[in-house]
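Colleague: This is input.cif, which holds mmCIF, C-alpha atoms and all ligand atoms:
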```cif
data_target
loop_
_atom_site.group_PDB
_atom_site.id
_atom_site.type_symbol
_atom_site.label_atom_id
_atom_site.label_comp_id
_atom_site.auth_asym_id
_atom_site.auth_seq_id
_atom_site.Cartn_x
_atom_site.Cartn_y
_atom_site.Cartn_z
ATOM 1 C CA MET A 1 -179.453 -54.908 -53.177
ATOM 2 C CA LEU A 2 -178.436 -57.351 -50.486
ATOM 3 C CA LEU A 3 -174.981 -56.537 -49.211
ATOM 4 C CA LYS A 4 -174.845 -58.746 -46.127
ATOM 5 C CA GLU A 5 -176.729 -61.970 -45.464
ATOM 6 C CA ARG A 6 -178.107 -62.926 -42.087
ATOM 7 C CA THR A 7 -176.242 -65.576 -40.125
ATOM 8 C CA LYS A 8 -177.058 -67.144 -36.767
ATOM 9 C CA SER A 9 -175.335 -65.410 -33.866
ATOM 10 C CA VAL A 10 -172.662 -67.151 -31.772
ATOM 11 C CA THR A 11 -175.157 -67.462 -28.889
ATOM 12 C CA HIS A 12 -177.715 -69.028 -31.180
ATOM 13 C CA ARG A 13 -175.277 -71.543 -32.679
ATOM 14 C CA LEU A 14 -173.781 -72.360 -29.309
ATOM 15 C CA LEU A 15 -177.131 -73.003 -27.625
ATOM 16 C CA GLU A 16 -178.267 -74.971 -30.653
ATOM 17 C CA SER A 17 -175.298 -77.294 -30.316
ATOM 18 C CA LEU A 18 -175.583 -77.599 -26.528
ATOM 19 C CA ASN A 19 -179.307 -78.257 -26.703
ATOM 20 C CA PHE A 20 -178.599 -81.480 -28.573
ATOM 21 C CA ARG A 21 -175.535 -82.444 -26.577
ATOM 22 C CA MET A 22 -176.702 -81.885 -22.994
ATOM 23 C CA ASN A 23 -179.742 -81.095 -20.881
ATOM 24 C CA LEU A 24 -179.860 -77.325 -20.957
ATOM 25 C CA PRO A 25 -180.928 -75.658 -17.694
ATOM 26 C CA ALA A 26 -184.494 -74.279 -17.961
ATOM 27 C CA GLU A 27 -183.369 -70.663 -18.311
ATOM 28 C CA GLU A 28 -180.974 -71.498 -21.144
ATOM 29 C CA LYS A 29 -183.619 -73.606 -22.825
ATOM 30 C CA VAL A 30 -185.938 -70.565 -22.876
ATOM 31 C CA ASN A 31 -183.062 -68.448 -24.167
ATOM 32 C CA TYR A 32 -182.477 -70.998 -26.943
ATOM 33 C CA GLU A 33 -186.161 -71.065 -27.894
ATOM 34 C CA ASN A 34 -186.154 -67.258 -28.026
ATOM 35 C CA GLN A 35 -183.122 -67.325 -30.307
ATOM 36 C CA VAL A 36 -184.892 -69.738 -32.649
ATOM 37 C CA LYS A 37 -188.102 -67.692 -32.601
ATOM 38 C CA GLY A 38 -186.231 -64.421 -33.105
ATOM 39 C CA PHE A 39 -184.202 -65.804 -35.994
ATOM 40 C CA ALA A 40 -187.332 -67.196 -37.684
ATOM 41 C CA GLY A 41 -188.966 -63.749 -37.413
ATOM 42 C CA GLU A 42 -185.912 -62.050 -38.873
ATOM 43 C CA LYS A 43 -185.814 -64.529 -41.771
ATOM 44 C CA GLN A 44 -189.461 -63.758 -42.428
ATOM 45 C CA PHE A 45 -188.674 -60.054 -42.522
ATOM 46 C CA ASP A 46 -185.806 -60.784 -44.948
ATOM 47 C CA ALA A 47 -188.232 -62.621 -47.219
ATOM 48 C CA TYR A 48 -190.587 -59.594 -47.310
ATOM 49 C CA MET A 49 -187.667 -57.265 -47.887
ATOM 50 C CA ASN A 50 -186.270 -59.453 -50.632
ATOM 51 C CA GLN A 51 -189.639 -59.728 -52.366
ATOM 52 C CA SER A 52 -190.170 -55.980 -52.317
ATOM 53 C CA ASN A 53 -186.900 -55.551 -54.203
ATOM 54 C CA GLN A 54 -185.605 -52.368 -52.576
ATOM 55 C CA SER A 55 -183.176 -50.270 -54.542
ATOM 56 C CA GLY A 56 -181.131 -49.314 -51.466
ATOM 57 C CA LEU A 57 -178.488 -51.450 -49.773
ATOM 58 C CA VAL A 58 -179.654 -54.084 -47.309
ATOM 59 C CA LEU A 59 -177.403 -55.274 -44.498
ATOM 60 C CA ASN A 60 -178.742 -57.938 -42.169
ATOM 61 C CA ASP A 61 -177.625 -58.734 -38.657
ATOM 62 C CA LEU A 62 -174.728 -56.462 -37.777
ATOM 63 C CA VAL A 63 -172.814 -56.663 -34.515
ATOM 64 C CA LEU A 64 -171.015 -53.343 -34.144
ATOM 65 C CA THR A 65 -168.991 -51.654 -31.453
ATOM 66 C CA TYR A 66 -168.942 -48.030 -30.444
ATOM 67 C CA ARG A 67 -166.455 -47.073 -27.725
ATOM 68 C CA ASN A 68 -166.271 -50.589 -26.299
ATOM 69 C CA THR A 69 -170.033 -51.012 -26.270
ATOM 70 C CA VAL A 70 -171.413 -53.731 -28.467
ATOM 71 C CA PHE A 71 -174.763 -53.224 -30.136
ATOM 72 C CA GLN A 72 -176.681 -55.361 -32.564
ATOM 73 C CA ILE A 73 -178.758 -54.387 -35.595
ATOM 74 C CA ASP A 74 -181.383 -56.691 -37.123
ATOM 75 C CA SER A 75 -181.612 -54.991 -40.527
ATOM 76 C CA LEU A 76 -180.386 -51.858 -42.184
ATOM 77 C CA LEU A 77 -181.507 -50.276 -45.436
ATOM 78 C CA ILE A 78 -179.102 -47.632 -46.683
ATOM 79 C CA THR A 79 -180.540 -45.180 -49.174
ATOM 80 C CA THR A 80 -179.220 -41.910 -50.576
ATOM 81 C CA ASP A 81 -181.011 -39.761 -47.985
ATOM 82 C CA VAL A 82 -181.885 -41.976 -45.028
ATOM 83 C CA VAL A 83 -180.647 -45.036 -43.185
ATOM 84 C CA TYR A 84 -183.580 -47.221 -42.116
ATOM 85 C CA LEU A 85 -182.897 -49.200 -38.966
ATOM 86 C CA TYR A 86 -185.202 -52.163 -38.311
ATOM 87 C CA GLU A 87 -185.599 -54.045 -35.064
ATOM 88 C CA VAL A 88 -187.637 -57.188 -35.712
ATOM 89 C CA LYS A 89 -189.764 -58.663 -32.919
ATOM 90 C CA ASN A 90 -191.440 -62.025 -33.240
ATOM 91 C CA TYR A 91 -193.784 -61.625 -30.271
ATOM 92 C CA ALA A 92 -197.062 -63.523 -30.410
ATOM 93 C CA GLY A 93 -200.240 -63.070 -28.402
ATOM 94 C CA PRO A 94 -201.541 -60.051 -26.499
ATOM 95 C CA TYR A 95 -199.194 -57.413 -25.091
ATOM 96 C CA PHE A 96 -199.950 -54.170 -23.312
ATOM 97 C CA TYR A 97 -198.123 -50.915 -23.666
ATOM 98 C CA ARG A 98 -198.649 -48.466 -20.857
ATOM 99 C CA GLU A 99 -196.567 -45.992 -18.893
ATOM 100 C CA GLU A 100 -193.821 -46.468 -21.479
ATOM 101 C CA SER A 101 -193.426 -50.133 -20.644
ATOM 102 C CA PHE A 102 -194.392 -53.383 -22.301
ATOM 103 C CA PHE A 103 -196.325 -56.005 -20.363
ATOM 104 C CA THR A 104 -197.374 -59.545 -21.203
ATOM 105 C CA GLU A 105 -200.915 -60.713 -20.502
ATOM 106 C CA SER A 106 -199.816 -62.152 -17.179
ATOM 107 C CA GLY A 107 -198.349 -58.817 -16.125
ATOM 108 C CA TYR A 108 -194.645 -59.508 -16.709
ATOM 109 C CA LYS A 109 -192.656 -56.564 -17.935
ATOM 110 C CA ILE A 110 -190.436 -57.151 -20.960
ATOM 111 C CA LEU A 111 -187.468 -55.152 -22.210
ATOM 112 C CA ASN A 112 -188.868 -52.108 -23.938
ATOM 113 C CA PRO A 113 -188.073 -52.384 -27.684
ATOM 114 C CA LEU A 114 -188.379 -48.590 -27.972
ATOM 115 C CA ARG A 115 -185.511 -48.147 -25.558
ATOM 116 C CA GLN A 116 -183.573 -50.871 -27.340
ATOM 117 C CA ILE A 117 -183.927 -49.258 -30.757
ATOM 118 C CA ASP A 118 -183.156 -45.828 -29.361
ATOM 119 C CA ARG A 119 -179.887 -47.214 -28.016
ATOM 120 C CA SER A 120 -179.013 -48.839 -31.382
ATOM 121 C CA ALA A 121 -179.938 -45.667 -33.279
ATOM 122 C CA THR A 122 -177.737 -43.557 -30.998
ATOM 123 C CA PHE A 123 -174.723 -45.838 -31.375
ATOM 124 C CA LEU A 124 -175.280 -46.191 -35.106
ATOM 125 C CA HIS A 125 -175.412 -42.408 -35.486
ATOM 126 C CA ASN A 126 -172.029 -42.173 -33.779
ATOM 127 C CA VAL A 127 -170.497 -44.976 -35.839
ATOM 128 C CA LEU A 128 -171.715 -43.325 -39.073
ATOM 129 C CA LEU A 129 -170.334 -40.000 -37.940
ATOM 130 C CA SER A 130 -166.961 -41.540 -37.100
ATOM 131 C CA LEU A 131 -166.895 -42.961 -40.644
ATOM 132 C CA GLY A 132 -167.620 -39.500 -42.024
ATOM 133 C CA TYR A 133 -171.339 -39.921 -42.782
ATOM 134 C CA GLN A 134 -174.044 -37.568 -41.605
ATOM 135 C CA LEU A 135 -177.202 -39.390 -42.597
ATOM 136 C CA PRO A 136 -180.507 -39.240 -40.755
ATOM 137 C CA ILE A 137 -181.544 -42.542 -39.194
ATOM 138 C CA GLN A 138 -185.145 -43.711 -39.307
ATOM 139 C CA PRO A 139 -185.664 -46.408 -36.649
ATOM 140 C CA LEU A 140 -188.616 -48.811 -36.893
ATOM 141 C CA ILE A 141 -189.765 -51.723 -34.771
ATOM 142 C CA VAL A 142 -191.305 -54.429 -36.915
ATOM 143 C CA PHE A 143 -193.736 -56.748 -35.167
ATOM 144 C CA ILE A 144 -193.526 -59.540 -37.708
ATOM 145 C CA ASN A 145 -195.941 -62.042 -36.204
ATOM 146 C CA PRO A 146 -199.585 -61.696 -37.362
ATOM 147 C CA GLU A 147 -200.599 -63.298 -34.034
ATOM 148 C CA PHE A 148 -199.250 -60.307 -32.141
ATOM 149 C CA ASN A 149 -201.685 -57.824 -30.616
ATOM 150 C CA LEU A 150 -200.574 -54.687 -28.894
ATOM 151 C CA TYR A 151 -203.070 -52.908 -26.670
ATOM 152 C CA SER A 152 -202.072 -49.351 -26.228
ATOM 153 C CA LEU A 153 -203.747 -45.993 -25.819
ATOM 154 C CA LEU A 154 -201.382 -44.100 -28.035
ATOM 155 C CA PRO A 155 -200.241 -44.993 -31.531
ATOM 156 C CA ASN A 156 -196.511 -44.916 -31.992
ATOM 157 C CA LYS A 157 -194.988 -44.007 -35.329
ATOM 158 C CA LEU A 158 -192.018 -46.279 -34.721
ATOM 159 C CA PHE A 159 -194.206 -49.386 -34.664
ATOM 160 C CA LEU A 160 -194.780 -51.338 -37.840
ATOM 161 C CA PHE A 161 -197.218 -54.265 -37.600
ATOM 162 C CA SER A 162 -197.168 -57.319 -39.854
ATOM 163 C CA ASN A 163 -200.346 -56.273 -41.678
ATOM 164 C CA GLN A 164 -198.790 -52.865 -42.498
ATOM 165 C CA LEU A 165 -195.517 -54.290 -43.734
ATOM 166 C CA PRO A 166 -196.404 -55.095 -47.388
ATOM 167 C CA LYS A 167 -197.806 -51.599 -47.970
ATOM 168 C CA TYR A 168 -194.900 -49.957 -46.181
ATOM 169 C CA LEU A 169 -192.313 -51.848 -48.263
ATOM 170 C CA HIS A 170 -194.240 -51.181 -51.454
ATOM 171 C CA THR A 171 -194.244 -47.424 -50.798
ATOM 172 C CA LEU A 172 -190.572 -47.562 -49.940
ATOM 173 C CA SER A 173 -189.631 -49.438 -53.124
ATOM 174 C CA ASN A 174 -191.522 -46.846 -55.216
ATOM 175 C CA GLN A 175 -189.077 -44.197 -54.088
ATOM 176 C CA ASN A 176 -186.441 -45.890 -56.239
ATOM 177 C CA PHE A 177 -183.226 -44.750 -54.608
ATOM 178 C CA SER A 178 -180.148 -44.762 -56.716
ATOM 179 C CA THR A 179 -177.138 -46.403 -55.144
ATOM 180 C CA THR A 180 -174.145 -44.118 -55.186
ATOM 181 C CA ASN A 181 -170.548 -45.105 -54.596
ATOM 182 C CA LYS A 182 -170.658 -43.250 -51.325
ATOM 183 C CA GLN A 183 -173.509 -45.466 -50.086
ATOM 184 C CA LEU A 184 -171.794 -48.583 -51.341
ATOM 185 C CA GLU A 185 -168.627 -47.595 -49.547
ATOM 186 C CA LEU A 186 -170.544 -47.086 -46.320
ATOM 187 C CA GLY A 187 -172.231 -50.485 -46.676
ATOM 188 C CA LYS A 188 -168.880 -52.183 -47.213
ATOM 189 C CA LYS A 189 -167.323 -50.385 -44.248
ATOM 190 C CA LEU A 190 -170.178 -51.479 -41.972
ATOM 191 C CA SER A 191 -169.869 -55.092 -43.197
ATOM 192 C CA GLU A 192 -166.181 -54.988 -42.372
ATOM 193 C CA LEU A 193 -166.886 -53.628 -38.901
ATOM 194 C CA HIS A 194 -169.338 -56.467 -38.220
ATOM 195 C CA ASN A 195 -167.994 -58.708 -35.451
ATOM 196 C CA GLU A 196 -168.806 -62.229 -36.641
ATOM 197 C CA THR A 197 -167.274 -63.979 -33.645
ATOM 198 C CA TYR A 198 -168.636 -61.795 -30.866
ATOM 199 C CA ARG A 199 -169.210 -63.871 -27.703
ATOM 200 C CA PRO A 200 -171.488 -62.392 -25.070
ATOM 201 C CA ASP A 201 -170.317 -62.688 -21.432
ATOM 202 C CA LYS A 202 -173.271 -64.649 -20.208
ATOM 203 C CA LEU A 203 -172.986 -68.114 -21.714
ATOM 204 C CA PRO A 204 -173.961 -71.420 -20.084
ATOM 205 C CA ASN A 205 -171.363 -73.548 -18.301
ATOM 206 C CA TYR A 206 -170.360 -76.832 -19.904
ATOM 207 C CA ASP A 207 -167.299 -78.989 -20.323
ATOM 208 C CA PHE A 208 -166.032 -81.410 -22.912
ATOM 209 C CA ASP A 209 -166.561 -84.602 -20.907
ATOM 210 C CA GLN A 210 -170.164 -83.813 -20.091
ATOM 211 C CA LEU A 211 -171.294 -83.296 -23.699
ATOM 212 C CA LYS A 212 -172.722 -85.986 -25.958
ATOM 213 C CA LYS A 213 -170.209 -86.779 -28.723
ATOM 214 C CA GLY A 214 -170.806 -87.519 -32.370
ATOM 215 C CA ILE A 215 -171.453 -85.672 -35.605
ATOM 216 C CA LEU A 216 -174.793 -83.872 -35.608
ATOM 217 C CA CYS A 217 -176.905 -83.517 -38.736
ATOM 218 C CA PRO A 218 -176.921 -79.805 -39.725
ATOM 219 C CA VAL A 219 -180.603 -79.989 -40.634
ATOM 220 C CA CYS A 220 -182.311 -82.012 -37.883
ATOM 221 C CA PHE A 221 -179.453 -82.319 -35.322
ATOM 222 C CA SER A 222 -179.786 -86.069 -35.084
ATOM 223 C CA ALA A 223 -176.596 -87.983 -34.270
ATOM 224 C CA SER A 224 -177.731 -91.179 -36.032
ATOM 225 C CA TYR A 225 -176.167 -91.701 -39.400
ATOM 226 C CA ARG A 226 -175.265 -94.192 -42.085
ATOM 227 C CA ASP A 227 -172.254 -93.906 -44.334
ATOM 228 C CA THR A 228 -170.403 -95.277 -47.308
ATOM 229 C CA ARG A 229 -166.682 -94.850 -47.914
ATOM 230 C CA GLN A 230 -166.961 -91.136 -48.617
ATOM 231 C CA THR A 231 -170.534 -90.107 -47.882
ATOM 232 C CA TYR A 232 -172.383 -89.383 -44.683
ATOM 233 C CA PHE A 233 -176.200 -89.758 -44.545
ATOM 234 C CA CYS A 234 -178.413 -88.610 -41.697
ATOM 235 C CA ALA A 235 -180.521 -91.593 -40.632
ATOM 236 C CA VAL A 236 -183.472 -89.370 -39.726
ATOM 237 C CA CYS A 237 -183.863 -86.712 -42.445
ATOM 238 C CA ALA A 238 -181.669 -88.215 -45.199
ATOM 239 C CA HIS A 239 -179.398 -85.160 -45.355
ATOM 240 C CA LYS A 240 -176.313 -86.125 -47.364
ATOM 241 C CA GLU A 241 -172.772 -84.744 -47.455
ATOM 242 C CA THR A 242 -169.177 -85.955 -47.807
ATOM 243 C CA ILE A 243 -167.645 -87.373 -44.639
ATOM 244 C CA THR A 244 -164.883 -84.780 -44.988
ATOM 245 C CA SER A 245 -167.390 -81.946 -44.873
ATOM 246 C CA ALA A 246 -169.231 -83.534 -41.912
ATOM 247 C CA ILE A 247 -165.943 -83.717 -39.987
ATOM 248 C CA GLU A 248 -164.965 -80.166 -40.989
ATOM 249 C CA ARG A 249 -168.324 -78.974 -39.704
ATOM 250 C CA SER A 250 -167.753 -80.756 -36.419
ATOM 251 C CA ILE A 251 -164.333 -79.137 -36.066
ATOM 252 C CA LEU A 252 -165.972 -75.718 -36.481
ATOM 253 C CA GLU A 253 -168.548 -76.650 -33.859
ATOM 254 C CA PHE A 254 -165.789 -77.766 -31.490
ATOM 255 C CA ARG A 255 -163.997 -74.446 -32.020
ATOM 256 C CA LEU A 256 -167.205 -72.545 -31.343
ATOM 257 C CA LEU A 257 -167.775 -74.372 -28.062
ATOM 258 C CA PHE A 258 -164.148 -74.502 -26.938
ATOM 259 C CA PRO A 259 -162.410 -71.444 -28.387
ATOM 260 C CA ASP A 260 -159.549 -71.751 -25.892
ATOM 261 C CA SER A 261 -158.909 -75.496 -26.196
ATOM 262 C CA PRO A 262 -156.147 -76.678 -28.509
ATOM 263 C CA ILE A 263 -157.412 -78.506 -31.583
ATOM 264 C CA THR A 264 -155.776 -81.928 -31.570
ATOM 265 C CA THR A 265 -156.416 -85.081 -33.585
ATOM 266 C CA ASN A 266 -157.399 -86.924 -30.406
ATOM 267 C CA ARG A 267 -159.899 -84.332 -29.292
ATOM 268 C CA ILE A 268 -161.582 -84.142 -32.680
ATOM 269 C CA TYR A 269 -161.584 -87.936 -32.898
ATOM 270 C CA GLN A 270 -163.475 -88.089 -29.568
ATOM 271 C CA TRP A 271 -165.673 -85.136 -30.515
ATOM 272 C CA CYS A 272 -166.820 -86.949 -33.681
ATOM 273 C CA GLY A 273 -167.855 -89.904 -31.521
ATOM 274 C CA ALA A 274 -164.804 -92.008 -32.411
ATOM 275 C CA SER A 275 -166.588 -92.945 -35.634
ATOM 276 C CA TYR A 276 -163.789 -92.036 -38.039
ATOM 277 C CA SER A 277 -160.123 -92.985 -37.823
ATOM 278 C CA LYS A 278 -157.535 -90.668 -36.324
ATOM 279 C CA GLU A 279 -155.646 -90.891 -39.597
ATOM 280 C CA ARG A 280 -158.618 -89.535 -41.515
ATOM 281 C CA ILE A 281 -159.085 -86.708 -39.010
ATOM 282 C CA ARG A 282 -155.382 -85.853 -39.079
ATOM 283 C CA LEU A 283 -155.521 -85.532 -42.877
ATOM 284 C CA ILE A 284 -158.490 -83.170 -42.692
ATOM 285 C CA LEU A 285 -156.847 -81.067 -39.989
ATOM 286 C CA LYS A 286 -153.618 -80.845 -41.991
ATOM 287 C CA MET A 287 -155.565 -79.758 -45.035
ATOM 288 C CA THR A 288 -157.350 -76.783 -43.434
ATOM 289 C CA TYR A 289 -155.288 -75.815 -40.405
ATOM 290 C CA ARG A 290 -151.746 -74.890 -39.561
ATOM 291 C CA ARG A 291 -149.874 -77.617 -37.676
ATOM 292 C CA HIS A 292 -147.801 -76.852 -34.578
ATOM 293 C CA LEU A 293 -145.431 -79.355 -33.059
ATOM 294 C CA SER A 294 -144.509 -78.952 -29.437
ATOM 295 C CA ARG A 295 -142.858 -81.410 -27.074
ATOM 296 C CA GLN A 296 -146.172 -82.289 -25.419
ATOM 297 C CA MET A 297 -148.474 -82.467 -28.404
ATOM 298 C CA THR A 298 -149.278 -81.642 -31.974
ATOM 299 C CA TYR A 299 -152.056 -79.127 -32.284
ATOM 300 C CA TYR A 300 -153.674 -77.093 -35.026
ATOM 301 C CA SER A 301 -154.718 -73.480 -35.428
ATOM 302 C CA GLU A 302 -156.247 -71.373 -38.138
ATOM 303 C CA LYS A 303 -154.004 -70.868 -41.182
HETATM 304 ZN ZN ZN B 1 -180.999 -84.994 -40.315
#
```
Would you mind giving the structure from this file in structure tokens?

Modeller:
Amino acid sequence: MLLKERTKSVTHRLLESLNFRMNLPAEEKVNYENQVKGFAGEKQFDAYMNQSNQSGLVLNDLVLTYRNTVFQIDSLLITTDVVYLYEVKNYAGPYFYREESFFTESGYKILNPLRQIDRSATFLHNVLLSLGYQLPIQPLIVFINPEFNLYSLLPNKLFLFSNQLPKYLHTLSNQNFSTTNKQLELGKKLSELHNETYRPDKLPNYDFDQLKKGILCPVCFSASYRDTRQTYFCAVCAHKETITSAIERSILEFRLLFPDSPITTNRIYQWCGASYSKERIRLILKMTYRRHLSRQMTYYSEK
């Protein structure tokens, strides 16, 4: 049973927006591409998981905190006896595992996923304990990409390769766990602890004036559009939505990029590329946000 859906992380959404609104520095561009690749791999894992119809509780993409340390979980399967912790890697091509380190073909060392999952498992153990649960955790690293080849002398029982995944999930689903209230309660508690708005420290620098303005299509990120009185059409992929929803989406994007800037009619008007009237934007802001009047300006915040 799926208890929590996967959503794109703040970093992912932020880089996605910036990538279409400015020239990202090379390092950030690579970071963005990795986010896209990683997310695609995780979605693929979700599809396998979904298909295999597990009887336990599935929670995808959790950002949790233990004693001021933030850690992230790709997927969790809570059963009556065990909590399965999955770290999904979408690596492609040849990799080498030696002396407890991972190397690419060209000799670059990458962050060791074994160390990463050990860290998550440790923190998760402590979070579960603090919630009053003493369940064993089974960590697994899923290499989801069939194009991935790991050359290593020793097999590792924490590795699960794409060709092993269907059989693994089939065996797991045959165990037919019953979901108890206790498990359900734990799943709900973990969902509540998930930090949806977590912003990592290391984010690219940008400012309002430098970014390209306009409403971006949520599907293909094009800024070209056609519209009628109420409807917005992407000129590239034909995505269609109400103008109100396109503006609401842009307000959310503005808030994501500028969490500390006041939301004003003027700013949102500029942000949407000055394509819709200030009156229209004011109405939408009034509808969804709380209005504050100060001597200098009128601004909006979450209701
Ligand atoms: Zn489009």

Colleague: 7 Å from ligand ZN 1 (chain B) is the threshold here; counting only C-alpha atoms and all ligand atoms, which polymer residues fall inside it? Answer as a PDB file with C-alpha atoms, in the coordinates of the input.

Modeller:
```pdb
ATOM      1  CA  CYS A 217    -176.905 -83.517 -38.736  1.00  0.00           C
ATOM      2  CA  PRO A 218    -176.921 -79.805 -39.725  1.00  0.00           C
ATOM      3  CA  VAL A 219    -180.603 -79.989 -40.634  1.00  0.00           C
ATOM      4  CA  CYS A 220    -182.311 -82.012 -37.883  1.00  0.00           C
ATOM      5  CA  PHE A 221    -179.453 -82.319 -35.322  1.00  0.00           C
ATOM      6  CA  SER A 222    -179.786 -86.069 -35.084  1.00  0.00           C
ATOM      7  CA  CYS A 234    -178.413 -88.610 -41.697  1.00  0.00           C
ATOM      8  CA  ALA A 235    -180.521 -91.593 -40.632  1.00  0.00           C
ATOM      9  CA  VAL A 236    -183.472 -89.370 -39.726  1.00  0.00           C
ATOM     10  CA  CYS A 237    -183.863 -86.712 -42.445  1.00  0.00           C
ATOM     11  CA  ALA A 238    -181.669 -88.215 -45.199  1.00  0.00           C
ATOM     12  CA  HIS A 239    -179.398 -85.160 -45.355  1.00  0.00           C
TER      13      HIS A 239
END
```

Colleague: Which value, in Å to one decimal, gives the distance between atom CA of Tyr97 of chain A and atom CA of Ser152 of chain A?

Modeller: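 Those two atoms sit 5.0 Å apart.
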
Colleague: With only C-alpha atoms as the counted atoms, please give the residues lying no more than 9 Å from Val58 of chain A, apart from itself and same-chain residues fewer than 2 positions off, as a PyMOL selection string.

Modeller: chain A and resi 1-5+49+54-56+60+75-78+187

Colleague: Restricting the calculation to all atoms listed in the file, which member of A:Gln116, A:Thr288, A:Asn195, A:Gln44 is positioned closest to Thr65 of chain A?

Modeller: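 The closest residue to Thr65 of chain A is A:Asn195.
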
Colleague: For this structure, which residues satisfy the selection - the PyMOL selection byres (((chain A and resi 192) around 12) and not hetatm) - when it is evaluated on the file as given? I want them as a PyMOL selection string.

Modeller: chain A and resi 3-4+59+62-65+185-191+193-196

Colleague: Just how far from atom CA of Asp46 of chain A is atom CA of Arg119 of chain A, in Å to one decimal?

Modeller: 22.5 Å

Colleague: Give me, as JSON, numbers by chain, all polymer residues having an atom no more than 12 Å from Ser275 of chain A, counting only C-alpha atoms and skipping those fewer than 2 positions away in the same chain.

Modeller: {"A": [213, 214, 215, 223, 224, 225, 226, 227, 232, 243, 246, 247, 268, 269, 270, 271, 272, 273, 277, 278, 279, 280, 281]}

Colleague: Here's the selection I'm unsure about, the PyMOL selection byres (((chain A and resi 109) around 12) and not hetatm); applied to the file above, which residues does it give, as JSON, numbers by chain?

Modeller: {"A": [95, 96, 97, 98, 99, 100, 101, 102, 103, 104, 105, 106, 107, 108, 110, 111, 112, 113]}

Colleague: For segment 23-36 of chain A, what centre and edge lengths in Å (one decimal) does the axis-aligned box get once 5 Å is added on each side of all its listed atoms, as lines of an AutoDock Vina configuration file?

Modeller:
```
center_x = -183.0
center_y = -74.2
center_z = -25.2
size_x = 16.4
size_y = 23.8
size_z = 25.0
```

Colleague: Taking 4 positions as the minimum chain separation for residues in the same chain, which residues sit within 10 Å of Met297 of chain A when counting all atoms listed in the file? Answer as a PDB file with C-alpha atoms, keeping the file's coordinate frame.

Modeller:
```pdb
ATOM      1  CA  PRO A 262    -156.147 -76.678 -28.509  1.00  0.00           C
ATOM      2  CA  THR A 264    -155.776 -81.928 -31.570  1.00  0.00           C
ATOM      3  CA  THR A 265    -156.416 -85.081 -33.585  1.00  0.00           C
ATOM      4  CA  HIS A 292    -147.801 -76.852 -34.578  1.00  0.00           C
ATOM      5  CA  LEU A 293    -145.431 -79.355 -33.059  1.00  0.00           C
TER       6      LEU A 293
END
```

Colleague: Taking into account all atoms listed in the file, which residue in the set A:Glu27, A:Asp260, A:Glu33, A:Glu248 is nearest to Ile284 of chain A?

Modeller: A:Glu248

Colleague: Write out as a PyMOL selection string each polymer residue whose atoms come within 12 Å of Lys37 of chain A, counting all atoms listed in the file; drop sequence neighbours fewer than 2 positions from it.

Modeller: chain A and resi 8+12+30-35+39-44+88-92+144-145

Colleague: Could you give me, as a PDB file with C-alpha atoms, in the frame of the given file, the residues within 7 Å of Tyr289 of chain A, counting only C-alpha atoms and dropping anything in the same chain fewer than 4 positions from it?

Modeller:
```
ATOM      1  CA  LEU A 285    -156.847 -81.067 -39.989  1.00  0.00           C
ATOM      2  CA  TYR A 300    -153.674 -77.093 -35.026  1.00  0.00           C
ATOM      3  CA  SER A 301    -154.718 -73.480 -35.428  1.00  0.00           C
ATOM      4  CA  GLU A 302    -156.247 -71.373 -38.138  1.00  0.00           C
ATOM      5  CA  LYS A 303    -154.004 -70.868 -41.182  1.00  0.00           C
TER       6      LYS A 303
END
```

Colleague: Between atom CA of Ser52 of chain A and atom CA of Asn126 of chain A, measure the distance and give it in Å to one decimal.

Modeller: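 So the answer is 29.4 Å.
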
Colleague: Taking the file above as input, evaluate the PyMOL selection byres (((chain A and resi 94) around 6) and not hetatm) and report the hits as a list in words.

Modeller: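 With the shown file as input, the PyMOL selection byres (((chain A and resi 94) around 6) and not hetatm) matches Gly93, Tyr95, Asn149 and Leu150 of chain A.
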
Colleague: Point out the residue among A:Asn156, A:Ser17, A:Asn23, A:Ser173 with the least atom-to-atom distance to Tyr48 of chain A, counting all atoms listed in the file.

Modeller: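 Ranked by minimum distance to Tyr48 of chain A, first place goes to A:Ser173.
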
Colleague: In terms of the shortest atom-to-atom distance over all atoms listed in the file, which of A:His170, A:Gln230, A:Ser245, A:Ser261 is closest to Asn50 of chain A?

Modeller: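 Under the stated criterion, the closest residue is A:His170.
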
Colleague: Considering all atoms listed in the file, state which residue in the set A:Thr228, A:Arg21, A:Arg282, A:Phe45 is at the smallest distance from Ile251 of chain A.

Modeller: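 Comparing A:Thr228, A:Arg21, A:Arg282, A:Phe45 against Ile251 of chain A, the winner is A:Arg282.
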